[in-house]
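Everything below belongs to coords15.cif, which stores mmCIF, C-alpha atoms.
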data_structure
loop_
_atom_site.label_atom_id
_atom_site.label_comp_id
_atom_site.auth_asym_id
_atom_site.auth_seq_id
_atom_site.Cartn_x
_atom_site.Cartn_y
_atom_site.Cartn_z
CA MET H 2 -110.43 -2.52 -188.18
CA ALA H 3 -109.66 -5.76 -186.39
CA ARG H 4 -106.09 -5.67 -187.62
CA THR H 5 -105.72 -2.09 -186.44
CA ILE H 6 -106.92 -3.06 -183.00
CA ALA H 7 -104.63 -6.08 -182.93
CA SER H 8 -101.62 -4.04 -183.98
CA ARG H 9 -102.43 -1.39 -181.37
CA ARG H 10 -103.04 -3.83 -178.57
CA PRO H 11 -100.19 -2.58 -176.35
CA GLU H 12 -101.32 1.01 -176.61
CA ILE H 13 -104.92 0.03 -175.91
CA LEU H 14 -103.75 -1.89 -172.87
CA VAL H 15 -101.80 1.13 -171.67
CA VAL H 16 -104.78 3.38 -172.08
CA LEU H 17 -107.06 0.92 -170.31
CA PHE H 18 -104.72 0.43 -167.36
CA LEU H 19 -104.04 4.15 -167.08
CA ALA H 20 -107.72 4.91 -167.22
CA GLY H 21 -108.40 2.27 -164.60
CA TYR H 22 -105.72 3.53 -162.27
CA LEU H 23 -106.74 7.16 -162.80
CA ALA H 24 -110.34 6.27 -162.07
CA SER H 25 -109.23 4.37 -159.01
CA LEU H 26 -107.15 7.28 -157.79
CA SER H 27 -109.89 9.79 -158.46
CA LEU H 28 -112.48 7.75 -156.63
CA GLN H 29 -110.18 7.08 -153.70
CA ILE H 30 -109.21 10.70 -153.34
CA LYS H 31 -112.75 11.97 -153.85
CA ARG H 32 -114.53 9.60 -151.50
CA GLY H 33 -111.79 8.53 -149.19
CA GLU H 34 -110.38 5.08 -148.72
CA ARG H 35 -113.63 3.12 -148.81
CA THR H 36 -114.37 3.32 -152.52
CA LEU H 37 -115.49 0.31 -154.50
CA LEU H 38 -112.48 0.35 -156.80
CA GLY H 39 -110.07 1.03 -153.99
CA GLY H 40 -111.71 -1.70 -151.99
CA VAL H 41 -111.39 -4.16 -154.87
CA ALA H 42 -107.75 -3.21 -155.38
CA LEU H 43 -107.03 -3.54 -151.71
CA ALA H 44 -108.91 -6.82 -151.54
CA LEU H 45 -106.80 -8.10 -154.42
CA PHE H 46 -103.54 -7.03 -152.88
CA SER H 47 -104.32 -7.34 -149.20
CA PRO H 48 -103.20 -11.01 -148.85
CA VAL H 49 -99.94 -10.15 -150.56
CA LEU H 50 -99.69 -7.03 -148.45
CA THR H 51 -100.27 -8.99 -145.27
CA VAL H 52 -97.64 -11.53 -146.24
CA PHE H 53 -95.25 -8.69 -147.03
CA HIS H 54 -95.85 -6.98 -143.73
CA GLU H 55 -95.59 -10.17 -141.73
CA ALA H 56 -92.40 -11.20 -143.51
CA GLN H 57 -90.94 -7.77 -143.01
CA ARG H 58 -91.89 -7.77 -139.32
CA PHE H 59 -90.48 -11.29 -138.90
CA THR H 60 -87.20 -10.29 -140.54
CA ARG H 61 -86.85 -7.09 -138.56
CA GLU H 62 -87.80 -8.65 -135.24
CA GLY H 63 -85.45 -11.57 -135.86
CA ALA H 64 -82.61 -9.23 -136.68
CA ASP H 65 -83.41 -7.07 -133.65
CA ALA H 66 -83.53 -10.13 -131.39
CA TYR H 67 -80.21 -11.34 -132.75
CA LEU H 68 -78.61 -7.94 -132.26
CA TRP H 69 -80.07 -7.68 -128.76
CA GLN H 70 -78.71 -11.10 -127.85
CA LYS H 71 -75.31 -10.25 -129.24
CA ASP H 72 -75.32 -6.98 -127.36
CA ALA H 73 -76.40 -8.78 -124.20
CA ALA H 74 -73.57 -11.29 -124.59
CA VAL H 75 -71.04 -8.50 -125.02
CA ARG H 76 -72.44 -6.69 -121.98
CA ASN H 77 -72.36 -9.94 -120.02
CA GLU H 78 -68.69 -10.41 -120.82
CA ALA H 79 -67.94 -6.85 -119.77
CA LEU H 80 -69.85 -7.36 -116.51
CA GLU H 81 -67.98 -10.60 -115.83
CA ARG H 82 -64.68 -8.80 -116.29
CA GLU H 83 -65.84 -5.99 -114.06
CA ASN H 84 -67.04 -8.48 -111.46
CA LEU H 85 -63.68 -10.21 -111.47
CA PHE H 86 -61.90 -6.90 -111.12
CA LEU H 87 -64.18 -5.85 -108.26
CA LYS H 88 -63.66 -9.16 -106.48
CA GLU H 89 -59.90 -8.72 -106.68
CA ARG H 90 -60.25 -5.18 -105.41
CA GLU H 91 -62.46 -6.37 -102.58
CA LYS H 92 -59.78 -8.85 -101.57
CA LEU H 93 -57.23 -6.06 -101.62
CA TYR H 94 -59.49 -3.85 -99.51
CA GLU H 95 -60.03 -6.69 -97.05
CA SER H 96 -56.30 -7.18 -96.58
CA GLN H 97 -55.85 -3.43 -96.28
CA GLY H 98 -58.62 -3.34 -93.69
CA GLU H 99 -56.94 -6.06 -91.68
CA GLU H 100 -53.65 -4.23 -91.85
CA ASN H 101 -55.39 -1.06 -90.80
CA ALA H 102 -56.87 -2.86 -87.80
CA ARG H 103 -53.43 -4.18 -86.84
CA LEU H 104 -51.96 -0.71 -87.07
CA ARG H 105 -54.75 0.70 -84.94
CA ARG H 106 -54.08 -1.94 -82.31
CA LEU H 107 -50.41 -0.97 -82.41
CA LEU H 108 -51.34 2.63 -81.82
CA ASP H 109 -53.40 1.58 -78.80
CA ILE H 110 -50.28 0.36 -76.97
CA PRO H 111 -49.62 2.91 -74.21
CA PRO H 112 -45.96 3.89 -74.20
CA PRO H 113 -44.29 4.05 -70.79
CA THR H 114 -43.38 7.42 -69.39
CA GLY H 115 -40.40 8.89 -71.18
CA PHE H 116 -40.89 6.60 -74.20
CA SER H 117 -42.56 7.10 -77.51
CA LEU H 118 -43.66 4.53 -80.07
CA VAL H 119 -42.30 4.21 -83.58
CA ALA H 120 -44.04 1.81 -85.93
CA GLY H 121 -42.14 -0.32 -88.39
CA ARG H 122 -43.00 -2.92 -90.97
CA ALA H 123 -41.78 -6.43 -90.25
CA LEU H 124 -40.23 -7.48 -93.53
CA MET H 125 -38.78 -10.94 -92.95
CA ARG H 126 -37.40 -13.38 -90.46
CA TYR H 127 -33.94 -14.74 -91.01
CA GLY H 128 -30.92 -16.29 -89.32
CA GLU H 129 -32.38 -19.74 -88.69
CA PRO H 130 -31.29 -22.21 -87.45
CA PHE H 131 -28.50 -20.40 -85.61
CA GLY H 132 -30.33 -17.21 -84.83
CA ARG H 133 -33.80 -15.73 -84.77
CA TYR H 134 -33.85 -12.30 -86.28
CA LEU H 135 -36.44 -10.03 -87.75
CA LEU H 136 -35.78 -7.34 -90.33
CA VAL H 137 -37.87 -4.23 -89.71
CA SER H 138 -38.23 -1.31 -92.05
CA CYS H 139 -38.96 2.02 -90.46
CA ASP H 140 -38.73 5.54 -91.84
CA THR H 141 -38.40 7.69 -88.77
CA ALA H 142 -36.49 10.77 -87.74
CA ALA H 143 -36.17 9.42 -84.19
CA SER H 144 -32.96 7.75 -83.12
CA VAL H 145 -33.53 4.04 -82.64
CA PHE H 146 -30.59 2.75 -80.68
CA PRO H 147 -29.60 -0.86 -80.04
CA ASN H 148 -31.53 -2.59 -77.25
CA THR H 149 -34.68 -0.64 -78.08
CA PRO H 150 -37.62 -2.89 -77.16
CA VAL H 151 -39.80 -4.11 -80.02
CA LEU H 152 -43.33 -5.23 -79.31
CA VAL H 153 -46.81 -5.79 -80.63
CA PRO H 154 -50.14 -5.54 -78.77
CA GLU H 155 -49.90 -9.23 -77.82
CA GLY H 156 -46.51 -8.89 -76.15
CA LEU H 157 -42.76 -8.63 -76.48
CA VAL H 158 -41.09 -9.40 -79.80
CA GLY H 159 -37.44 -8.68 -79.06
CA LYS H 160 -35.01 -5.83 -79.12
CA VAL H 161 -33.15 -3.89 -81.77
CA GLN H 162 -29.64 -5.17 -82.30
CA GLY H 163 -28.42 -3.09 -85.19
CA ALA H 164 -29.51 -0.55 -87.78
CA SER H 165 -28.61 0.24 -91.36
CA GLY H 166 -30.39 2.99 -93.22
CA GLY H 167 -34.08 2.62 -92.55
CA PHE H 168 -33.72 -1.08 -91.70
CA TYR H 169 -33.37 -2.52 -88.21
CA ARG H 170 -32.23 -5.96 -87.14
CA VAL H 171 -34.36 -7.18 -84.27
CA ILE H 172 -33.26 -10.14 -82.21
CA LEU H 173 -36.33 -12.11 -81.21
CA THR H 174 -37.00 -13.32 -77.68
CA THR H 175 -36.82 -16.89 -78.97
CA ASP H 176 -33.19 -16.47 -80.11
CA PRO H 177 -30.83 -18.60 -77.97
CA SER H 178 -28.71 -15.55 -77.21
CA SER H 179 -31.70 -13.50 -76.03
CA ALA H 180 -32.35 -13.05 -72.32
CA VAL H 181 -35.21 -11.13 -70.76
CA GLY H 182 -35.82 -10.41 -67.11
CA VAL H 183 -39.28 -11.77 -66.36
CA THR H 184 -41.65 -12.12 -63.48
CA CYS H 185 -44.69 -14.31 -62.98
CA GLN H 186 -47.82 -12.16 -63.18
CA ARG H 187 -49.63 -14.24 -60.55
CA THR H 188 -46.91 -14.84 -57.92
CA GLN H 189 -44.26 -12.26 -58.81
CA VAL H 190 -41.59 -14.97 -59.03
CA HIS H 191 -38.60 -13.57 -60.90
CA GLY H 192 -36.40 -15.28 -63.46
CA VAL H 193 -34.66 -14.88 -66.79
CA ALA H 194 -36.35 -16.00 -70.01
CA VAL H 195 -33.84 -17.40 -72.50
CA GLY H 196 -34.81 -18.40 -76.02
CA ASP H 197 -34.34 -21.92 -77.30
CA GLY H 198 -35.16 -21.29 -80.93
CA ARG H 199 -38.89 -21.92 -80.88
CA LEU H 200 -39.89 -21.51 -77.23
CA MET H 201 -38.28 -19.97 -74.12
CA ASN H 202 -36.94 -21.35 -70.85
CA VAL H 203 -37.22 -19.47 -67.59
CA ARG H 204 -34.09 -19.92 -65.56
CA TYR H 205 -33.06 -19.22 -62.00
CA VAL H 206 -36.42 -20.06 -60.45
CA THR H 207 -36.06 -22.27 -57.41
CA ASN H 208 -38.05 -25.44 -56.91
CA GLU H 209 -39.86 -23.86 -53.99
CA SER H 210 -41.31 -21.11 -56.14
CA ASP H 211 -44.99 -21.16 -56.97
CA VAL H 212 -45.23 -21.49 -60.74
CA LYS H 213 -47.93 -23.47 -62.55
CA GLU H 214 -48.86 -24.17 -66.10
CA GLU H 215 -50.83 -21.38 -67.79
CA ASP H 216 -49.06 -18.76 -65.65
CA VAL H 217 -48.16 -15.66 -67.61
CA PHE H 218 -44.68 -14.17 -67.39
CA VAL H 219 -44.19 -10.49 -68.10
CA THR H 220 -41.08 -8.36 -68.29
CA SER H 221 -39.79 -7.42 -64.85
CA GLY H 222 -37.81 -4.36 -65.91
CA GLU H 223 -34.79 -5.54 -63.91
CA ASP H 224 -32.64 -6.03 -66.98
CA GLY H 225 -32.69 -2.31 -67.73
CA VAL H 226 -33.65 -3.00 -71.33
CA PHE H 227 -37.36 -3.77 -71.35
CA PRO H 228 -39.95 -1.75 -69.51
CA PRO H 229 -41.88 -3.81 -66.93
CA GLY H 230 -45.28 -5.35 -67.59
CA ILE H 231 -44.96 -6.47 -71.21
CA PRO H 232 -46.28 -10.04 -71.73
CA VAL H 233 -43.48 -12.43 -72.67
CA GLY H 234 -45.09 -15.86 -72.65
CA THR H 235 -47.29 -18.46 -71.03
CA VAL H 236 -46.00 -21.47 -69.10
CA THR H 237 -46.57 -24.68 -71.01
CA SER H 238 -44.66 -27.05 -68.74
CA VAL H 239 -42.99 -26.78 -65.34
CA THR H 240 -40.94 -29.45 -63.52
CA ASP H 241 -38.59 -29.47 -60.57
CA GLY H 242 -34.94 -29.83 -61.52
CA GLY H 243 -32.13 -31.72 -59.73
CA ASP H 244 -30.12 -28.53 -59.34
CA PHE H 245 -32.81 -27.00 -57.12
CA LEU H 246 -34.08 -24.94 -60.04
CA LYS H 247 -37.30 -25.41 -61.92
CA ARG H 248 -37.43 -26.31 -65.58
CA ILE H 249 -40.04 -23.85 -66.92
CA VAL H 250 -40.94 -23.72 -70.60
CA LEU H 251 -42.68 -20.63 -71.95
CA LYS H 252 -44.66 -20.34 -75.11
CA PRO H 253 -44.05 -16.82 -76.51
CA ALA H 254 -46.96 -14.43 -76.20
CA VAL H 255 -46.34 -13.35 -79.76
CA SER H 256 -46.62 -15.58 -82.81
CA MET H 257 -43.33 -14.79 -84.49
CA ASP H 258 -44.52 -16.29 -87.80
CA SER H 259 -47.26 -13.79 -88.43
CA LEU H 260 -45.69 -10.44 -87.71
CA SER H 261 -46.50 -7.65 -90.11
CA TRP H 262 -46.18 -4.44 -88.10
CA VAL H 263 -44.26 -3.84 -84.87
CA VAL H 264 -43.60 -0.85 -82.66
CA MET H 265 -40.33 0.19 -81.13
CA GLN H 266 -40.30 1.95 -77.79
CA VAL H 267 -37.91 4.80 -78.29
CA ARG H 268 -36.64 6.87 -75.41
CA GLY H 269 -37.76 10.47 -75.62
CA HIS H 270 -40.10 11.85 -78.27
CA ALA H 271 -40.09 10.48 -81.79
CA MET C 25 -83.79 -30.49 -169.49
CA ARG C 26 -85.19 -27.10 -170.40
CA ARG C 27 -86.72 -25.16 -167.53
CA LYS C 28 -88.30 -21.98 -168.87
CA TRP C 29 -89.71 -20.91 -165.57
CA LEU C 30 -86.34 -20.82 -163.79
CA PRO C 31 -85.06 -17.36 -164.90
CA ALA C 32 -88.34 -15.56 -164.17
CA ALA C 33 -88.77 -17.39 -160.87
CA SER C 34 -85.22 -16.50 -159.90
CA VAL C 35 -85.62 -12.77 -160.47
CA ILE C 36 -89.04 -12.69 -158.81
CA ALA C 37 -87.59 -14.50 -155.80
CA MET C 38 -84.69 -12.09 -155.77
CA ALA C 39 -87.01 -9.08 -155.88
CA LEU C 40 -89.08 -10.46 -153.02
CA LEU C 41 -85.97 -11.32 -151.05
CA ALA C 42 -84.56 -7.83 -151.54
CA GLN C 43 -87.83 -6.15 -150.67
CA LEU C 44 -88.69 -8.34 -147.70
CA VAL C 45 -85.35 -9.22 -146.15
CA LEU C 46 -82.51 -7.01 -147.28
CA LEU C 47 -84.19 -3.62 -147.29
CA PRO C 48 -85.84 -4.00 -143.87
CA LEU C 49 -82.49 -5.13 -142.49
CA PHE C 50 -80.40 -2.28 -143.82
CA SER C 51 -82.92 0.53 -143.85
CA HIS C 52 -85.90 1.47 -141.75
CA GLN C 53 -87.55 2.87 -144.86
CA LEU C 54 -89.14 0.13 -146.90
CA ASN C 55 -89.08 2.29 -150.01
CA ALA C 56 -85.34 2.97 -149.89
CA ALA C 57 -85.30 0.95 -153.11
CA ASN C 58 -88.04 -0.47 -155.28
CA GLY C 59 -87.44 -4.12 -156.01
CA PHE C 60 -90.56 -4.28 -158.19
CA LEU C 61 -89.27 -1.51 -160.42
CA ALA C 62 -86.00 -3.38 -160.79
CA LEU C 63 -87.98 -6.52 -161.57
CA LEU C 64 -90.01 -4.63 -164.17
CA ALA C 65 -86.84 -3.29 -165.79
CA VAL C 66 -85.43 -6.79 -166.09
CA VAL C 67 -88.62 -8.56 -167.21
CA ALA C 68 -90.17 -5.92 -169.49
CA LEU C 69 -87.01 -5.63 -171.56
CA LYS C 70 -87.35 -9.31 -172.45
CA THR C 71 -91.04 -9.34 -173.34
CA LYS C 72 -93.31 -7.74 -175.87
CA ARG C 73 -94.92 -4.39 -175.20
CA GLU C 74 -98.31 -5.76 -174.13
CA TRP C 75 -96.70 -8.07 -171.57
CA GLY C 76 -94.54 -5.19 -170.42
CA VAL C 77 -97.72 -3.21 -169.84
CA VAL C 78 -99.33 -6.06 -167.92
CA TRP C 79 -96.21 -6.58 -165.79
CA GLY C 80 -96.04 -2.83 -165.19
CA ALA C 81 -99.67 -2.57 -164.15
CA LEU C 82 -99.38 -5.56 -161.82
CA LEU C 83 -96.10 -4.56 -160.19
CA GLY C 84 -97.20 -0.92 -159.97
CA GLY C 85 -100.34 -1.93 -158.12
CA LEU C 86 -98.24 -4.05 -155.81
CA SER C 87 -95.90 -1.13 -155.15
CA ASP C 88 -98.84 1.10 -154.38
CA ALA C 89 -100.23 -1.47 -152.00
CA LEU C 90 -96.89 -1.56 -150.25
CA PHE C 91 -95.70 2.00 -150.29
CA MET C 92 -98.63 4.32 -150.86
CA GLN C 93 -101.87 5.24 -149.18
CA ARG C 94 -103.81 4.91 -152.42
CA ILE C 95 -103.67 2.49 -155.33
CA GLY C 96 -102.73 4.06 -158.66
CA PHE C 97 -99.71 6.32 -158.36
CA HIS C 98 -97.10 3.69 -159.10
CA GLY C 99 -99.65 1.79 -161.17
CA ILE C 100 -99.80 4.58 -163.75
CA SER C 101 -96.08 5.14 -163.72
CA PHE C 102 -95.20 1.46 -163.99
CA THR C 103 -97.73 0.89 -166.78
CA ILE C 104 -96.09 3.59 -168.89
CA LEU C 105 -92.64 2.31 -167.96
CA GLY C 106 -93.64 -1.25 -168.85
CA TYR C 107 -94.78 -0.09 -172.26
CA PHE C 108 -91.58 1.84 -173.00
CA LEU C 109 -89.28 -0.83 -171.62
CA GLY C 110 -91.10 -3.43 -173.69
CA TRP C 111 -90.78 -1.18 -176.72
CA THR C 112 -87.07 -0.63 -176.02
CA GLY C 113 -86.48 -4.35 -175.58
CA GLY C 114 -88.22 -4.99 -178.90
CA LYS C 115 -86.32 -2.34 -180.82
CA MET C 116 -82.83 -2.77 -179.40
CA VAL C 117 -80.51 -5.68 -178.74
CA LEU C 118 -79.31 -5.22 -175.19
CA THR C 119 -76.36 -7.44 -174.41
CA GLY C 120 -74.73 -5.88 -171.38
CA ILE C 121 -75.80 -5.56 -167.76
CA ALA C 122 -74.77 -1.88 -167.95
CA ALA C 123 -77.69 -1.21 -170.30
CA VAL C 124 -80.13 -2.65 -167.78
CA TYR C 125 -78.47 -0.57 -165.08
CA LEU C 126 -78.86 2.67 -167.07
CA LEU C 127 -82.42 1.93 -168.17
CA SER C 128 -83.48 1.10 -164.63
CA LEU C 129 -81.83 4.31 -163.44
CA GLY C 130 -83.91 6.20 -165.97
CA ALA C 131 -86.96 4.23 -164.86
CA VAL C 132 -86.38 5.22 -161.22
CA ILE C 133 -86.10 8.87 -162.19
CA PHE C 134 -89.21 8.70 -164.37
CA ASP C 135 -91.17 6.84 -161.70
CA SER C 136 -90.18 9.32 -158.99
CA ALA C 137 -91.04 12.28 -161.19
CA ALA C 138 -94.35 10.76 -162.28
CA VAL C 139 -95.44 9.74 -158.78
CA SER C 140 -94.40 13.11 -157.35
CA ALA C 141 -96.28 14.94 -160.08
CA LEU C 142 -99.41 12.82 -159.64
CA PHE C 143 -99.24 13.17 -155.89
CA SER C 144 -98.82 16.93 -156.15
CA LEU C 145 -101.73 17.15 -158.58
CA LEU C 146 -104.13 14.87 -156.80
CA GLU C 147 -103.16 15.13 -153.12
CA HIS C 148 -101.01 18.04 -152.07
CA PRO C 149 -97.76 19.62 -153.28
CA LEU C 150 -94.54 18.00 -152.14
CA ALA C 151 -91.46 19.88 -150.94
CA ALA C 152 -88.34 19.10 -152.96
CA GLY C 153 -86.36 18.62 -149.73
CA ALA C 154 -88.68 15.81 -148.72
CA VAL C 155 -88.64 14.08 -152.10
CA LEU C 156 -85.02 14.27 -153.23
CA PRO C 157 -83.21 12.30 -150.49
CA PRO C 158 -85.34 9.12 -150.83
CA VAL C 159 -85.25 9.45 -154.61
CA ALA C 160 -81.45 9.72 -154.51
CA ILE C 161 -81.19 6.63 -152.33
CA SER C 162 -83.58 4.73 -154.56
CA ALA C 163 -81.68 5.87 -157.66
CA ALA C 164 -78.51 4.52 -156.15
CA VAL C 165 -79.86 1.17 -154.97
CA THR C 166 -82.58 0.16 -157.42
CA PRO C 167 -80.38 0.11 -160.57
CA LEU C 168 -77.84 -1.99 -158.69
CA LEU C 169 -80.62 -4.35 -157.74
CA ALA C 170 -81.76 -4.48 -161.37
CA ALA C 171 -78.21 -5.21 -162.54
CA GLY C 172 -77.97 -7.99 -159.96
CA MET C 173 -81.28 -9.43 -161.11
CA GLU C 174 -80.18 -9.31 -164.73
CA TRP C 175 -77.07 -11.24 -163.78
CA VAL C 176 -79.17 -13.80 -161.91
CA TYR C 177 -81.58 -14.02 -164.85
CA ARG C 178 -78.75 -14.76 -167.24
CA ALA C 179 -77.21 -17.30 -164.91
CA ALA C 180 -80.58 -19.00 -164.45
CA THR C 181 -81.15 -19.00 -168.23
CA ARG C 182 -77.83 -20.75 -168.75
CA ARG C 183 -78.63 -23.26 -166.01
CA GLY C 184 -82.15 -23.79 -167.42
CA ARG C 185 -80.70 -24.87 -170.72
CA VAL C 186 -78.73 -27.70 -169.18
#

Encoded form using structure tokens:
Amino acid sequence: MARTIASRRPEILVVLFLAGYLASLSLQIKRGERTLLGGVALALFSPVLTVFHEAQRFTREGADAYLWQKDAAVRNEALERENLFLKEREKLYESQGEENARLRRLLDIPPPTGFSLVAGRALMRYGEPFGRYLLVSCDTAASVFPNTPVLVPEGLVGKVQGASGGFYRVILTTDPSSAVGVTCQRTQVHGVAVGDGRLMNVRYVTNESDVKEEDVFVTSGEDGVFPPGIPVGTVTSVTDGGDFLKRIVLKPAVSMDSLSWVVMQVRGHA
Amino acid sequence: MRRKWLPAASVIAMALLAQLVLLPLFSHQLNAANGFLALLAVVALKTKREWGVVWGALLGGLSDALFMQRIGFHGISFTILGYFLGWTGGKMVLTGIAAVYLLSLGAVIFDSAAVSALFSLLEHPLAAGAVLPPVAISAAVTPLLAAGMEWVYRAATRRGRV
């Protein structure tokens, strides 16, 4: 008998475990979760179960946190790139805004009667040191002839000397070969402003004339080229000369170094 | 130095690692594979029948505690599996990992069928559409896990003999 039991030990174990589990299941299902057997089983396994759940939660949360951080880093990089792009675009918009403002100011210049305004882009200055020229690009159907005045809201720039295609050569008022009929805005003293490269000299003004520093000279219109009333420059120094004529130095009203857009006063309608 | 505990400890650690770390990482379902069944397949084949039964009962209870609402479904299934795997290990000489793979595949199928049948009998009937996809996933992953454990067991046995 004892030998039979010993030889059948595995089968007996199987039967015992199966019976135990079946009893456990039956009791759990019949009475719900809070059965004695179920409670014992759960009490036996609950520490392991808790460790399992905690470890699983720790692993999952750690992985989620890592993925979230990685995702955040990727998004951060994308935002940095976008920020850089937007900053560059903002700079572009700022420069476009400034250009727009300049153009609006150009449009505010009232053309004299019988003239119309044609805007052109100032491309580059050239000709130094022998000349002072400005290359202007302008796509217009109007005829821009030589000697057409070129100006900006601040004052006179020069006059058109030649044209080729859509490009115009403008001789600046500071060119030594440029001469403009001018008059003092305060005392109406007349003279001729001749360029000296950087500044201008007003000639043919007698020593008796009333001209002081800070006086503004504007075009007189006597030369038949420039309409009257356009600012040409401000007196920076004035001295009496030995030939009965004053030595008057004018600082141009326009900064020739920072021209971007100019307008040309064209006779007739553009 | 001979370290007998090393192979068993290695496969138990591997089962725990798979169940606790790998499965939660790659699947939101904890029971996408059963590391304890793989462990049973590896261990029971190397023990006598009675120890196979004990391992089966223990690991089955653990599986129930983890995966099921009630204790006993996997317990019954694993106990029977432990007996037959122990019997198989005693009767046959299994040299290849492929044998472990195939036996654990059969064990997964038997376990799924047994648990589904018990659940249908004792709780409520299960729709085949709800049972088959997880069983298919488990049948694909668990035997691989068992094969991996067998490889680790053999490697640890060799190392333990050093």

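Of note, atom CA of H:Glu95 and atom CA of H:Leu124 are spaced 20.1 Å apart.
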
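Selection check: the PyMOL selection byres ((chain C and resi 130-144) around 8) on the shown file gives Leu61, Ala65, Phe97, His98, Ser101, Phe102, Leu105, Leu126, Leu127, Ser128, Leu129, Leu145, Leu146, Glu147, His148, Pro149, Leu150, Val155, Val159, Ser162, Ala163, Thr166 and Pro167 of chain C.
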
Q: Please evaluate the PyMOL selection byres ((chain C) within 10 of (chain H)) against the displayed coordinates and give the resulting residues as a PyMOL selection string.
A: chain C and resi 40-41+43-50+52+54+72-78+80-82+84-90+93-107+110-111+142+146-147

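Counting from atom CA of H:Glu129, the distance to atom CA of H:Asp176 is 9.2 Å.
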
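Straight-line separation from atom CA of H:Val263 to atom CA of H:Ala194: 20.8 Å.
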
If the PyMOL selection byres ((chain H and resi 229) around 10) were run on this exact file, what residues would it hold? Put them as a PDB file with C-alpha atoms, in the frame of the given file.
ATOM      1  CA  PRO H 113     -44.290   4.050 -70.790  1.00  0.00           C
ATOM      2  CA  GLY H 182     -35.820 -10.410 -67.110  1.00  0.00           C
ATOM      3  CA  VAL H 183     -39.280 -11.770 -66.360  1.00  0.00           C
ATOM      4  CA  THR H 184     -41.650 -12.120 -63.480  1.00  0.00           C
ATOM      5  CA  VAL H 219     -44.190 -10.490 -68.100  1.00  0.00           C
ATOM      6  CA  THR H 220     -41.080  -8.360 -68.290  1.00  0.00           C
ATOM      7  CA  SER H 221     -39.790  -7.420 -64.850  1.00  0.00           C
ATOM      8  CA  GLY H 222     -37.810  -4.360 -65.910  1.00  0.00           C
ATOM      9  CA  GLU H 223     -34.790  -5.540 -63.910  1.00  0.00           C
ATOM     10  CA  ASP H 224     -32.640  -6.030 -66.980  1.00  0.00           C
ATOM     11  CA  GLY H 225     -32.690  -2.310 -67.730  1.00  0.00           C
ATOM     12  CA  VAL H 226     -33.650  -3.000 -71.330  1.00  0.00           C
ATOM     13  CA  PHE H 227     -37.360  -3.770 -71.350  1.00  0.00           C
ATOM     14  CA  PRO H 228     -39.950  -1.750 -69.510  1.00  0.00           C
ATOM     15  CA  GLY H 230     -45.280  -5.350 -67.590  1.00  0.00           C
ATOM     16  CA  ILE H 231     -44.960  -6.470 -71.210  1.00  0.00           C
ATOM     17  CA  PRO H 232     -46.280 -10.040 -71.730  1.00  0.00           C
TER      18      PRO H 232
END

Specify the axis-aligned box that encloses all atoms of stretch 143-160 of chain H listed in the file after padding of 5 Å on each side, stating its centre and edge lengths in Å to one decimal as AutoDock Vina command-line options.
--center_x -39.9 --center_y 0.0 --center_z -80.2 --size_x 30.5 --size_y 28.8 --size_z 18.0

Q) Within 10 Å of C:Val117, counting all atoms listed in the file, which residues qualify if same-chain residues fewer than 4 places away don't, as a list in words? A) Leu69, Lys70, Thr112, Gly113 and Ala123 of chain C

Q. Of the residues C:Leu156, C:Leu30, C:Ala151, C:Met92, which is the one nearest to C:Arg178, using only C-alpha atoms?
A. C:Leu30

Q. Residues at most 12 Å from H:Phe218, counting all atoms listed in the file, excluding those fewer than 3 positions away in the same chain, as number ranges by chain?
A. H: 156-157, 181-194, 201-203, 212-215, 221, 229-237, 249-254

Q. Using all atoms listed in the file, which residue out of H:Val158, H:Ala180, H:Leu93, H:Val217 lies closest to H:Gly196?
A. H:Ala180

Radius query 12 Å about (-54.1, -0.5, -85.5), atoms used: all atoms listed in the file, as an mmCIF file with C-alpha atoms, in the coordinates of the input:
data_model
loop_
_atom_site.group_PDB
_atom_site.id
_atom_site.type_symbol
_atom_site.label_atom_id
_atom_site.label_comp_id
_atom_site.auth_asym_id
_atom_site.auth_seq_id
_atom_site.Cartn_x
_atom_site.Cartn_y
_atom_site.Cartn_z
ATOM 1 C CA GLN H 97 -55.850 -3.430 -96.280
ATOM 2 C CA GLY H 98 -58.620 -3.340 -93.690
ATOM 3 C CA GLU H 99 -56.940 -6.060 -91.680
ATOM 4 C CA GLU H 100 -53.650 -4.230 -91.850
ATOM 5 C CA ASN H 101 -55.390 -1.060 -90.800
ATOM 6 C CA ALA H 102 -56.870 -2.860 -87.800
ATOM 7 C CA ARG H 103 -53.430 -4.180 -86.840
ATOM 8 C CA LEU H 104 -51.960 -0.710 -87.070
ATOM 9 C CA ARG H 105 -54.750 0.700 -84.940
ATOM 10 C CA ARG H 106 -54.080 -1.940 -82.310
ATOM 11 C CA LEU H 107 -50.410 -0.970 -82.410
ATOM 12 C CA LEU H 108 -51.340 2.630 -81.820
ATOM 13 C CA ASP H 109 -53.400 1.580 -78.800
ATOM 14 C CA ILE H 110 -50.280 0.360 -76.970
ATOM 15 C CA ALA H 120 -44.040 1.810 -85.930
ATOM 16 C CA VAL H 153 -46.810 -5.790 -80.630
ATOM 17 C CA PRO H 154 -50.140 -5.540 -78.770
ATOM 18 C CA SER H 261 -46.500 -7.650 -90.110
ATOM 19 C CA TRP H 262 -46.180 -4.440 -88.100
ATOM 20 C CA VAL H 263 -44.260 -3.840 -84.870
ATOM 21 C CA VAL H 264 -43.600 -0.850 -82.660
#
